[in-house]
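*Asks:* Right, I'll just put the structure down here and ask away after.
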Amino acid sequence: MADFAPSPDVVVHCPPGFDPDAPLHLVMVFHGMGHSALKWAGGGLIDPRTGAPAQGWGGEQRHDLAGTRTLLIAPQFDDRPGHARLGRLREPDGFRRFLTELLGEALAPRLHGPHTLADVASITLVGSSAGGPTIAELLDRDDLDRRVRSVVLFDSIYASESSFARWLRGGDERRLVCIHEGRAFTAPHAARLLGMVRPALGDALVTEPAASMTEAVRSHRAVFATVDCEHIGMGPAYLDKVLLGLDLPRREGDPDPKVPETPAAPAGAPLSWGAAVRGSLDAADARMRDGSAYDDHAVELAAGESATVTLRGGAASGVLCRRLDVQLRVLDGEATLAEDDDSAGELGSRVRFTAPHAGRYTLRVTSHGPWLNLGEYSLRLDR
């Protein structure tokens, strides 16, 4: 498909524990201009040109963190001036023939034999930057949109509003997520698409969800959100959150990614009611199994006493969102009493829990993933 490119025609990532004998669910990432499939998906994947791990953005890590039983597929597109970006996918039934060849031949050794489109239960199309118009062109050209159950646009709505609206109106099972930075080249198009689909969706649509992105996606057919993230970093920052909310099968027996890999420093003095403690997650901190940094704090409660804990990130030093994306767990020894991601809004977390017995509990602050997501945070304890 992209024979010209110094990159594979297509990158496919199969997560640990994937069952190739179950119905196939495909997550297809469409990269932006000047990027590549390997750049978007890599970050540990082996570059076939060098035999070394690819220096990419870690799309395969974000995909795996969601815990879905899906294949990640990233085609390479042609961004040379004067060339059709879709390449041979523009030909009649090009998308269908691409997937037929991929599943029936290229991936057959890894999937316990050849598969056909009849084995594909759903397709999720993810557009990053210029990947959105590419998705729209495919939806307009092919009849595979009956299998496309979800379209996810990461700062990727430049035009083609009518194509996405037409597709979304094609079935009640279809889901659309449009996350953008609010800049002039995407915001007007997002607003027009919103106006096209709002009358038909009613309460099944949410704009600017105040809390968890995952819950917003899980409970609505369409989500429109403006976030304070860098243009290219937006997809990596939100991919696992969105996939978690979509109606995709889960992998069974997945290990908990938030299990300590290295021990943290002992928690200091217990937090006081109404006080906020400030801390930071940096490269020297202890790490979780998924590579995220973490700190432990303590709180002492009487039996039956309830507490609300709010965690907010400060300015981030990474390359994804401009505010540190943090997650919170409350532990009774090794047991998890409560956990949250994003319920406080703006990537902050909040939990309310009741102590089952008198004693000391651990408030575990973690970064969202290992990808240079470091910075300051504040933690507050309220009755």
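Just so we're on the same page: first chain in the structure tokens is A, next is B, and so on; residues restart at 1 for each chain, and ligands are numbered from 1 in the order they show up.
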Please identify every residue of range 171-219 of chain A that has at least one atom no farther than 10 Å from an atom of range 337-356 of chain A, counting only C-alpha atoms, and for each give the shortest atom pair and the distance in Å to one decimal, arranged by chain then increasing number, as a Markdown table.
*Replies:*
```
| residue | atom | partner | partner_atom | distance |
| --- | --- | --- | --- | --- |
| A:Pro209 | CA | A:Gly345 | CA | 8.2 |
| A:Ala210 | CA | A:Gly345 | CA | 5.3 |
| A:Ala211 | CA | A:Ser343 | CA | 4.4 |
| A:Ser212 | CA | A:Asp342 | CA | 4.6 |
| A:Met213 | CA | A:Asp342 | CA | 7.1 |
| A:Thr214 | CA | A:Asp342 | CA | 8.6 |
| A:Glu215 | CA | A:Ser343 | CA | 9.0 |
```
*Asks:* Mind dumping the selected residues with N, CA and C atoms as a tab-separated table (two decimals), in the first residue's frame?
*Replies:*
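Ended up saving to out_27.tsv:
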```
chain	number	residue	atom	x	y	z
A	209	PRO	N	-17.99	16.74	28.53
A	209	PRO	CA	-18.27	16.01	29.77
A	209	PRO	C	-17.38	16.50	30.91
A	210	ALA	N	-18.00	16.74	32.06
A	210	ALA	CA	-17.27	17.35	33.17
A	210	ALA	C	-16.37	16.37	33.89
A	211	ALA	N	-16.65	15.08	33.76
A	211	ALA	CA	-15.90	14.11	34.54
A	211	ALA	C	-15.22	13.11	33.62
A	212	SER	N	-15.38	11.83	33.90
A	212	SER	CA	-14.62	10.78	33.24
A	212	SER	C	-14.93	10.65	31.76
A	213	MET	N	-13.90	10.71	30.92
A	213	MET	CA	-14.10	10.51	29.49
A	213	MET	C	-14.59	9.09	29.22
A	214	THR	N	-14.04	8.12	29.94
A	214	THR	CA	-14.45	6.73	29.75
A	214	THR	C	-15.94	6.56	30.01
A	215	GLU	N	-16.45	7.14	31.10
A	215	GLU	CA	-17.88	7.00	31.41
A	215	GLU	C	-18.74	7.75	30.40
```
*Asks:* Give me the residues of range 8-75 of chain A that have any atom at most 12 Å from an atom of range 220-235 of chain A; for each, the nearest atom pair and the distance in Å, rounded to one decimal. Use only C-alpha atoms, sort by chain and number, and format it as a tab-separated table.
*Replies:*
```
residue	atom	partner	partner_atom	distance
A:Val29	CA	A:Gly235	CA	9.7
A:Phe30	CA	A:Gly235	CA	10.7
A:His31	CA	A:Ile232	CA	9.7
A:Gly32	CA	A:Ile232	CA	8.4
A:Met33	CA	A:Ile232	CA	10.6
A:Gly34	CA	A:Ile232	CA	11.3
A:His35	CA	A:Ile232	CA	9.9
A:Lys39	CA	A:Ile232	CA	11.4
A:Trp40	CA	A:Gly235	CA	9.2
A:Ala41	CA	A:Gly235	CA	10.8
A:Gly56	CA	A:Gly233	CA	11.7
A:Trp57	CA	A:Gly233	CA	8.4
A:Gly58	CA	A:Gly235	CA	10.5
A:Gly59	CA	A:Gly235	CA	8.5
A:Glu60	CA	A:Gly235	CA	11.9
A:Arg62	CA	A:Gly235	CA	9.4
A:His63	CA	A:Gly235	CA	10.8
```
*Asks:* Could you write out that same residue set with N, CA and C atoms as a PDB file, in the first residue's frame?
*Replies:*
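As a result, result.pdb now contains:
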```pdb
ATOM      1  N   VAL A  29      -5.875   2.547  13.347  1.00  0.00           N
ATOM      2  CA  VAL A  29      -5.391   3.902  13.569  1.00  0.00           C
ATOM      3  C   VAL A  29      -4.937   4.495  12.244  1.00  0.00           C
ATOM      4  N   PHE A  30      -5.442   5.687  11.917  1.00  0.00           N
ATOM      5  CA  PHE A  30      -5.100   6.394  10.688  1.00  0.00           C
ATOM      6  C   PHE A  30      -4.240   7.606  11.067  1.00  0.00           C
ATOM      7  N   HIS A  31      -2.956   7.569  10.732  1.00  0.00           N
ATOM      8  CA  HIS A  31      -2.004   8.577  11.185  1.00  0.00           C
ATOM      9  C   HIS A  31      -2.155   9.886  10.416  1.00  0.00           C
ATOM     10  N   GLY A  32      -1.507  10.920  10.931  1.00  0.00           N
ATOM     11  CA  GLY A  32      -1.578  12.242  10.331  1.00  0.00           C
ATOM     12  C   GLY A  32      -0.508  12.464   9.276  1.00  0.00           C
ATOM     13  N   MET A  33      -0.530  13.659   8.684  1.00  0.00           N
ATOM     14  CA  MET A  33       0.415  14.032   7.633  1.00  0.00           C
ATOM     15  C   MET A  33       1.834  14.098   8.197  1.00  0.00           C
ATOM     16  N   GLY A  34       2.769  13.545   7.444  1.00  0.00           N
ATOM     17  CA  GLY A  34       4.164  13.617   7.843  1.00  0.00           C
ATOM     18  C   GLY A  34       4.551  12.642   8.924  1.00  0.00           C
ATOM     19  N   HIS A  35       3.615  11.801   9.363  1.00  0.00           N
ATOM     20  CA  HIS A  35       3.922  10.800  10.374  1.00  0.00           C
ATOM     21  C   HIS A  35       3.897   9.431   9.708  1.00  0.00           C
ATOM     22  N   LYS A  39       5.517   5.098  13.628  1.00  0.00           N
ATOM     23  CA  LYS A  39       5.731   6.178  14.592  1.00  0.00           C
ATOM     24  C   LYS A  39       4.561   6.249  15.579  1.00  0.00           C
ATOM     25  N   TRP A  40       3.336   6.129  15.064  1.00  0.00           N
ATOM     26  CA  TRP A  40       2.162   6.237  15.934  1.00  0.00           C
ATOM     27  C   TRP A  40       2.053   5.022  16.858  1.00  0.00           C
ATOM     28  N   ALA A  41       2.207   3.842  16.294  1.00  0.00           N
ATOM     29  CA  ALA A  41       1.962   2.622  17.071  1.00  0.00           C
ATOM     30  C   ALA A  41       3.164   2.194  17.883  1.00  0.00           C
ATOM     31  N   GLY A  56       8.728   5.323  18.849  1.00  0.00           N
ATOM     32  CA  GLY A  56       7.450   5.908  18.495  1.00  0.00           C
ATOM     33  C   GLY A  56       6.723   6.483  19.687  1.00  0.00           C
ATOM     34  N   TRP A  57       5.424   6.680  19.519  1.00  0.00           N
ATOM     35  CA  TRP A  57       4.600   7.334  20.528  1.00  0.00           C
ATOM     36  C   TRP A  57       3.884   6.344  21.440  1.00  0.00           C
ATOM     37  N   GLY A  58       4.138   5.065  21.266  1.00  0.00           N
ATOM     38  CA  GLY A  58       3.621   4.085  22.210  1.00  0.00           C
ATOM     39  C   GLY A  58       2.152   3.768  22.057  1.00  0.00           C
ATOM     40  N   GLY A  59       1.614   3.847  20.828  1.00  0.00           N
ATOM     41  CA  GLY A  59       0.207   3.506  20.642  1.00  0.00           C
ATOM     42  C   GLY A  59      -0.111   2.098  21.084  1.00  0.00           C
ATOM     43  N   GLU A  60       0.850   1.185  20.946  1.00  0.00           N
ATOM     44  CA  GLU A  60       0.578  -0.196  21.356  1.00  0.00           C
ATOM     45  C   GLU A  60       0.453  -0.300  22.866  1.00  0.00           C
ATOM     46  N   ARG A  62      -0.737   2.147  24.866  1.00  0.00           N
ATOM     47  CA  ARG A  62      -2.044   2.725  25.202  1.00  0.00           C
ATOM     48  C   ARG A  62      -3.168   1.754  24.855  1.00  0.00           C
ATOM     49  N   HIS A  63      -3.029   1.092  23.710  1.00  0.00           N
ATOM     50  CA  HIS A  63      -4.019   0.094  23.297  1.00  0.00           C
ATOM     51  C   HIS A  63      -4.110  -1.023  24.334  1.00  0.00           C
TER      52      HIS A  63
END
```
*Asks:* List every residue of range 241-270 of chain A that has an atom at most 10 Å from any atom of range 175-183 of chain A, and for each one report the closest atom pair and its distance in Å to one decimal, counting only C-alpha atoms, with rows sorted by chain and then by increasing residue number, as a Markdown table.
*Replies:*
```
| residue | atom | partner | partner_atom | distance |
| --- | --- | --- | --- | --- |
| A:Val242 | CA | A:Val177 | CA | 8.0 |
| A:Leu246 | CA | A:Arg175 | CA | 7.9 |
| A:Asp247 | CA | A:Arg175 | CA | 9.2 |
```
*Asks:* Can I get the selected residues back with C-alpha atoms, as a PDB file, in the first residue's frame?
*Replies:*
```
ATOM      1  CA  VAL A 242     -11.865   5.952  24.878  1.00  0.00           C
ATOM      2  CA  LEU A 246     -16.523   1.533  23.863  1.00  0.00           C
ATOM      3  CA  ASP A 247     -18.484  -1.693  23.683  1.00  0.00           C
TER       4      ASP A 247
END
```
*Asks:* Taking only C-alpha atoms into account, which of A:Tyr238, A:Tyr294, A:Trp273, A:Phe77 comes nearest Pro260 in chain A?
*Replies:* A:Tyr294
*Asks:* So that I can see what lies close to Asp256 in chain A, please list as a list in words the residues with an atom at most 10 Å from it, counting only C-alpha atoms and leaving out residues fewer than 2 positions away in the same chain.
*Replies:* Leu65, Gly67, Gly253, Asp254, Lys258, Val259, Pro260, Met288, Arg289 and Asp290 of chain A
*Asks:* Convert the current residue selection to file output with N, CA and C atoms, as a PDB file, in the first residue's frame.
*Replies:*
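Saved file part-v6.pdb follows:
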```pdb
ATOM      1  N   LEU A  65      -3.254  -1.001  27.464  1.00  0.00           N
ATOM      2  CA  LEU A  65      -3.696  -0.535  28.779  1.00  0.00           C
ATOM      3  C   LEU A  65      -5.214  -0.570  28.899  1.00  0.00           C
ATOM      4  N   GLY A  67      -7.095  -2.927  27.876  1.00  0.00           N
ATOM      5  CA  GLY A  67      -7.493  -4.293  28.198  1.00  0.00           C
ATOM      6  C   GLY A  67      -8.546  -4.881  27.285  1.00  0.00           C
ATOM      7  N   GLY A 253      -8.269 -12.448  32.343  1.00  0.00           N
ATOM      8  CA  GLY A 253      -7.041 -12.754  33.057  1.00  0.00           C
ATOM      9  C   GLY A 253      -5.938 -11.743  32.870  1.00  0.00           C
ATOM     10  N   ASP A 254      -6.285 -10.514  32.458  1.00  0.00           N
ATOM     11  CA  ASP A 254      -5.271  -9.486  32.282  1.00  0.00           C
ATOM     12  C   ASP A 254      -4.677  -9.103  33.637  1.00  0.00           C
ATOM     13  N   LYS A 258      -1.634  -1.592  37.516  1.00  0.00           N
ATOM     14  CA  LYS A 258      -1.282  -0.700  38.615  1.00  0.00           C
ATOM     15  C   LYS A 258      -0.821  -1.481  39.846  1.00  0.00           C
ATOM     16  N   VAL A 259       0.050  -2.460  39.632  1.00  0.00           N
ATOM     17  CA  VAL A 259       0.708  -3.194  40.709  1.00  0.00           C
ATOM     18  C   VAL A 259       2.145  -2.709  40.780  1.00  0.00           C
ATOM     19  N   PRO A 260       2.644  -2.395  41.980  1.00  0.00           N
ATOM     20  CA  PRO A 260       3.997  -1.842  42.062  1.00  0.00           C
ATOM     21  C   PRO A 260       5.050  -2.788  41.502  1.00  0.00           C
ATOM     22  N   MET A 288       5.045   1.553  38.641  1.00  0.00           N
ATOM     23  CA  MET A 288       4.068   0.483  38.565  1.00  0.00           C
ATOM     24  C   MET A 288       4.468  -0.501  37.468  1.00  0.00           C
ATOM     25  N   ARG A 289       3.706  -1.600  37.403  1.00  0.00           N
ATOM     26  CA  ARG A 289       3.959  -2.605  36.373  1.00  0.00           C
ATOM     27  C   ARG A 289       3.853  -2.013  34.975  1.00  0.00           C
ATOM     28  N   ASP A 290       2.951  -1.036  34.776  1.00  0.00           N
ATOM     29  CA  ASP A 290       2.798  -0.431  33.446  1.00  0.00           C
ATOM     30  C   ASP A 290       3.792   0.695  33.195  1.00  0.00           C
TER      31      ASP A 290
END
```
*Asks:* Would you kindly return, as an MDAnalysis selection string, each protein, DNA or RNA residue with an atom no farther than 12 Å from any atom of Arg97 in chain A, considering only C-alpha atoms and excluding same-chain residues fewer than 5 positions away?
*Replies:* chainID A and resid 1 88:92 102:105 116:117 142:144
*Asks:* Out of range 148-294 of chain A, which residues get alpha helix (DSSP H) from DSSP, as a PDB file with N, CA and C atoms, in the first residue's frame?
*Replies:*
```
ATOM      1  N   GLU A 161     -18.009  16.825   7.502  1.00  0.00           N
ATOM      2  CA  GLU A 161     -19.026  16.666   8.545  1.00  0.00           C
ATOM      3  C   GLU A 161     -20.197  15.815   8.067  1.00  0.00           C
ATOM      4  N   SER A 162     -20.628  16.026   6.828  1.00  0.00           N
ATOM      5  CA  SER A 162     -21.789  15.284   6.329  1.00  0.00           C
ATOM      6  C   SER A 162     -21.492  13.792   6.226  1.00  0.00           C
ATOM      7  N   SER A 163     -20.232  13.422   5.935  1.00  0.00           N
ATOM      8  CA  SER A 163     -19.873  12.005   5.848  1.00  0.00           C
ATOM      9  C   SER A 163     -20.007  11.335   7.212  1.00  0.00           C
ATOM     10  N   PHE A 164     -19.499  11.981   8.250  1.00  0.00           N
ATOM     11  CA  PHE A 164     -19.590  11.402   9.588  1.00  0.00           C
ATOM     12  C   PHE A 164     -21.033  11.394  10.087  1.00  0.00           C
ATOM     13  N   ALA A 165     -21.784  12.444   9.797  1.00  0.00           N
ATOM     14  CA  ALA A 165     -23.184  12.485  10.210  1.00  0.00           C
ATOM     15  C   ALA A 165     -23.987  11.396   9.515  1.00  0.00           C
ATOM     16  N   ARG A 166     -23.760  11.210   8.214  1.00  0.00           N
ATOM     17  CA  ARG A 166     -24.446  10.150   7.472  1.00  0.00           C
ATOM     18  C   ARG A 166     -24.150   8.789   8.059  1.00  0.00           C
ATOM     19  N   TRP A 167     -22.869   8.563   8.355  1.00  0.00           N
ATOM     20  CA  TRP A 167     -22.486   7.266   8.926  1.00  0.00           C
ATOM     21  C   TRP A 167     -23.134   7.047  10.293  1.00  0.00           C
ATOM     22  N   LEU A 168     -23.112   8.053  11.162  1.00  0.00           N
ATOM     23  CA  LEU A 168     -23.636   7.897  12.518  1.00  0.00           C
ATOM     24  C   LEU A 168     -25.137   7.624  12.497  1.00  0.00           C
ATOM     25  N   ALA A 187     -12.287  23.503  15.424  1.00  0.00           N
ATOM     26  CA  ALA A 187     -13.468  23.848  16.208  1.00  0.00           C
ATOM     27  C   ALA A 187     -14.707  24.134  15.354  1.00  0.00           C
ATOM     28  N   PRO A 188     -14.629  24.901  14.261  1.00  0.00           N
ATOM     29  CA  PRO A 188     -15.841  25.148  13.468  1.00  0.00           C
ATOM     30  C   PRO A 188     -16.419  23.877  12.859  1.00  0.00           C
ATOM     31  N   HIS A 189     -15.568  22.974  12.423  1.00  0.00           N
ATOM     32  CA  HIS A 189     -16.050  21.728  11.823  1.00  0.00           C
ATOM     33  C   HIS A 189     -16.693  20.831  12.882  1.00  0.00           C
ATOM     34  N   ALA A 190     -16.089  20.799  14.079  1.00  0.00           N
ATOM     35  CA  ALA A 190     -16.691  20.026  15.164  1.00  0.00           C
ATOM     36  C   ALA A 190     -18.066  20.592  15.519  1.00  0.00           C
ATOM     37  N   ALA A 191     -18.176  21.931  15.537  1.00  0.00           N
ATOM     38  CA  ALA A 191     -19.454  22.557  15.859  1.00  0.00           C
ATOM     39  C   ALA A 191     -20.511  22.238  14.793  1.00  0.00           C
ATOM     40  N   ARG A 192     -20.124  22.236  13.522  1.00  0.00           N
ATOM     41  CA  ARG A 192     -21.078  21.909  12.464  1.00  0.00           C
ATOM     42  C   ARG A 192     -21.530  20.451  12.552  1.00  0.00           C
ATOM     43  N   LEU A 193     -20.587  19.544  12.798  1.00  0.00           N
ATOM     44  CA  LEU A 193     -20.958  18.140  12.947  1.00  0.00           C
ATOM     45  C   LEU A 193     -21.882  17.951  14.145  1.00  0.00           C
ATOM     46  N   LEU A 194     -21.589  18.630  15.235  1.00  0.00           N
ATOM     47  CA  LEU A 194     -22.445  18.564  16.412  1.00  0.00           C
ATOM     48  C   LEU A 194     -23.858  19.019  16.073  1.00  0.00           C
ATOM     49  N   GLY A 195     -23.978  20.124  15.338  1.00  0.00           N
ATOM     50  CA  GLY A 195     -25.302  20.601  14.958  1.00  0.00           C
ATOM     51  C   GLY A 195     -26.052  19.632  14.067  1.00  0.00           C
ATOM     52  N   MET A 196     -25.334  18.874  13.242  1.00  0.00           N
ATOM     53  CA  MET A 196     -25.984  17.904  12.350  1.00  0.00           C
ATOM     54  C   MET A 196     -26.542  16.713  13.097  1.00  0.00           C
ATOM     55  N   VAL A 197     -25.851  16.259  14.141  1.00  0.00           N
ATOM     56  CA  VAL A 197     -26.264  15.008  14.800  1.00  0.00           C
ATOM     57  C   VAL A 197     -27.071  15.227  16.071  1.00  0.00           C
ATOM     58  N   ARG A 198     -27.028  16.449  16.637  1.00  0.00           N
ATOM     59  CA  ARG A 198     -27.708  16.681  17.911  1.00  0.00           C
ATOM     60  C   ARG A 198     -29.218  16.402  17.851  1.00  0.00           C
ATOM     61  N   PRO A 199     -29.951  16.858  16.819  1.00  0.00           N
ATOM     62  CA  PRO A 199     -31.404  16.639  16.835  1.00  0.00           C
ATOM     63  C   PRO A 199     -31.794  15.166  16.892  1.00  0.00           C
ATOM     64  N   ALA A 200     -31.051  14.310  16.223  1.00  0.00           N
ATOM     65  CA  ALA A 200     -31.417  12.890  16.197  1.00  0.00           C
ATOM     66  C   ALA A 200     -30.987  12.153  17.451  1.00  0.00           C
ATOM     67  N   LEU A 201     -29.947  12.636  18.139  1.00  0.00           N
ATOM     68  CA  LEU A 201     -29.395  11.881  19.264  1.00  0.00           C
ATOM     69  C   LEU A 201     -29.967  12.285  20.611  1.00  0.00           C
ATOM     70  N   MET A 213     -13.905  10.712  30.916  1.00  0.00           N
ATOM     71  CA  MET A 213     -14.101  10.506  29.485  1.00  0.00           C
ATOM     72  C   MET A 213     -14.588   9.086  29.221  1.00  0.00           C
ATOM     73  N   THR A 214     -14.042   8.123  29.941  1.00  0.00           N
ATOM     74  CA  THR A 214     -14.454   6.728  29.751  1.00  0.00           C
ATOM     75  C   THR A 214     -15.944   6.556  30.011  1.00  0.00           C
ATOM     76  N   GLU A 215     -16.454   7.136  31.097  1.00  0.00           N
ATOM     77  CA  GLU A 215     -17.876   7.002  31.412  1.00  0.00           C
ATOM     78  C   GLU A 215     -18.738   7.745  30.404  1.00  0.00           C
ATOM     79  N   ALA A 216     -18.260   8.887  29.927  1.00  0.00           N
ATOM     80  CA  ALA A 216     -19.021   9.621  28.912  1.00  0.00           C
ATOM     81  C   ALA A 216     -19.155   8.788  27.644  1.00  0.00           C
ATOM     82  N   VAL A 217     -18.068   8.150  27.223  1.00  0.00           N
ATOM     83  CA  VAL A 217     -18.117   7.303  26.030  1.00  0.00           C
ATOM     84  C   VAL A 217     -19.001   6.094  26.263  1.00  0.00           C
ATOM     85  N   ARG A 218     -18.905   5.501  27.442  1.00  0.00           N
ATOM     86  CA  ARG A 218     -19.679   4.297  27.754  1.00  0.00           C
ATOM     87  C   ARG A 218     -21.185   4.555  27.739  1.00  0.00           C
ATOM     88  N   SER A 219     -21.607   5.733  28.118  1.00  0.00           N
ATOM     89  CA  SER A 219     -23.032   5.985  28.333  1.00  0.00           C
ATOM     90  C   SER A 219     -23.679   6.848  27.250  1.00  0.00           C
ATOM     91  N   MET A 234      -2.665  14.238  21.639  1.00  0.00           N
ATOM     92  CA  MET A 234      -4.031  13.995  22.105  1.00  0.00           C
ATOM     93  C   MET A 234      -4.448  12.535  21.952  1.00  0.00           C
ATOM     94  N   GLY A 235      -4.158  11.947  20.805  1.00  0.00           N
ATOM     95  CA  GLY A 235      -4.537  10.555  20.584  1.00  0.00           C
ATOM     96  C   GLY A 235      -3.876   9.610  21.559  1.00  0.00           C
ATOM     97  N   PRO A 236      -2.544   9.658  21.689  1.00  0.00           N
ATOM     98  CA  PRO A 236      -1.921   8.805  22.692  1.00  0.00           C
ATOM     99  C   PRO A 236      -2.437   9.038  24.106  1.00  0.00           C
ATOM    100  N   ALA A 237      -2.744  10.289  24.455  1.00  0.00           N
ATOM    101  CA  ALA A 237      -3.205  10.576  25.816  1.00  0.00           C
ATOM    102  C   ALA A 237      -4.572   9.982  26.116  1.00  0.00           C
ATOM    103  N   TYR A 238      -5.452   9.907  25.109  1.00  0.00           N
ATOM    104  CA  TYR A 238      -6.837   9.508  25.361  1.00  0.00           C
ATOM    105  C   TYR A 238      -7.216   8.163  24.755  1.00  0.00           C
ATOM    106  N   LEU A 239      -6.326   7.502  24.014  1.00  0.00           N
ATOM    107  CA  LEU A 239      -6.731   6.277  23.327  1.00  0.00           C
ATOM    108  C   LEU A 239      -7.266   5.227  24.283  1.00  0.00           C
ATOM    109  N   ASP A 240      -6.557   4.924  25.348  1.00  0.00           N
ATOM    110  CA  ASP A 240      -7.030   3.861  26.244  1.00  0.00           C
ATOM    111  C   ASP A 240      -8.302   4.261  26.972  1.00  0.00           C
ATOM    112  N   LYS A 241      -8.453   5.551  27.309  1.00  0.00           N
ATOM    113  CA  LYS A 241      -9.667   5.998  27.990  1.00  0.00           C
ATOM    114  C   LYS A 241     -10.896   5.791  27.103  1.00  0.00           C
ATOM    115  N   VAL A 242     -10.746   6.110  25.800  1.00  0.00           N
ATOM    116  CA  VAL A 242     -11.865   5.952  24.878  1.00  0.00           C
ATOM    117  C   VAL A 242     -12.159   4.477  24.618  1.00  0.00           C
ATOM    118  N   LEU A 243     -11.123   3.681  24.373  1.00  0.00           N
ATOM    119  CA  LEU A 243     -11.345   2.254  24.119  1.00  0.00           C
ATOM    120  C   LEU A 243     -12.011   1.581  25.309  1.00  0.00           C
ATOM    121  N   LEU A 244     -11.662   1.994  26.517  1.00  0.00           N
ATOM    122  CA  LEU A 244     -12.307   1.436  27.713  1.00  0.00           C
ATOM    123  C   LEU A 244     -13.807   1.686  27.716  1.00  0.00           C
ATOM    124  N   GLY A 245     -14.234   2.821  27.157  1.00  0.00           N
ATOM    125  CA  GLY A 245     -15.647   3.165  27.180  1.00  0.00           C
ATOM    126  C   GLY A 245     -16.457   2.557  26.056  1.00  0.00           C
TER     127      GLY A 245
END
```
*Asks:* With range 368-382 of chain A as the partner and 10 Å as the cut-off, tabulate the residues of range 271-355 of chain A that qualify, each row holding the nearest pair of atoms and their distance in Å to one decimal, using only C-alpha atoms, sorted by chain and rising number, as a tab-separated table.
*Replies:*
```
residue	atom	partner	partner_atom	distance
A:Leu271	CA	A:Leu381	CA	6.9
A:Ser272	CA	A:Leu381	CA	6.9
A:Trp273	CA	A:Leu381	CA	5.4
A:Gly274	CA	A:Asp382	CA	5.2
A:Ala275	CA	A:Arg380	CA	5.8
A:Ala276	CA	A:Arg380	CA	4.2
A:Val277	CA	A:Leu379	CA	5.3
A:Arg278	CA	A:Ser378	CA	4.4
A:Gly279	CA	A:Tyr377	CA	5.5
A:Ser280	CA	A:Glu376	CA	4.0
A:Leu281	CA	A:Leu374	CA	5.3
A:Asp282	CA	A:Leu374	CA	5.4
A:Ala283	CA	A:Leu374	CA	7.5
A:Asp285	CA	A:Leu374	CA	9.9
A:Arg287	CA	A:Pro370	CA	8.6
A:Met288	CA	A:Pro370	CA	8.7
A:Arg289	CA	A:Pro370	CA	9.6
A:Asp290	CA	A:Gly369	CA	6.5
A:Gly291	CA	A:Pro370	CA	4.6
A:Ser292	CA	A:Pro370	CA	4.2
A:Ala293	CA	A:Pro370	CA	7.0
A:Tyr294	CA	A:His368	CA	9.7
A:His297	CA	A:Leu379	CA	9.0
A:Val299	CA	A:Leu381	CA	8.5
A:Ser306	CA	A:Asp382	CA	8.9
A:Ala307	CA	A:Asp382	CA	5.8
A:Thr308	CA	A:Asp382	CA	5.1
A:Val309	CA	A:Leu381	CA	4.8
A:Thr310	CA	A:Arg380	CA	5.2
A:Leu311	CA	A:Leu379	CA	4.6
A:Arg312	CA	A:Ser378	CA	5.4
A:Gly313	CA	A:Tyr377	CA	4.2
A:Gly314	CA	A:Glu376	CA	4.9
A:Ala315	CA	A:Gly375	CA	6.1
A:Ala316	CA	A:Gly375	CA	4.6
A:Ser317	CA	A:Leu374	CA	5.5
A:Gly318	CA	A:Leu372	CA	4.7
A:Val319	CA	A:Leu372	CA	6.9
A:Leu320	CA	A:Asn373	CA	7.5
A:Cys321	CA	A:Asn373	CA	8.5
A:Arg322	CA	A:Asn373	CA	9.8
A:Arg323	CA	A:Gly375	CA	8.3
A:Leu324	CA	A:Gly375	CA	5.9
A:Asp325	CA	A:His368	CA	5.6
A:Val326	CA	A:His368	CA	5.5
A:Gln327	CA	A:His368	CA	6.3
A:Leu328	CA	A:Leu379	CA	9.6
A:Asp341	CA	A:His368	CA	8.6
A:Leu347	CA	A:His368	CA	9.4
A:Gly348	CA	A:Tyr377	CA	9.3
A:Ser349	CA	A:Leu379	CA	9.6
A:Arg350	CA	A:Arg380	CA	9.5
A:Arg352	CA	A:Asp382	CA	9.2
```
*Asks:* Restricting the calculation to only C-alpha atoms: of A:Gly113, A:Pro257, A:Gly131, A:Pro75, which residue gets closest to Leu99 in chain A?
*Replies:* A:Pro75
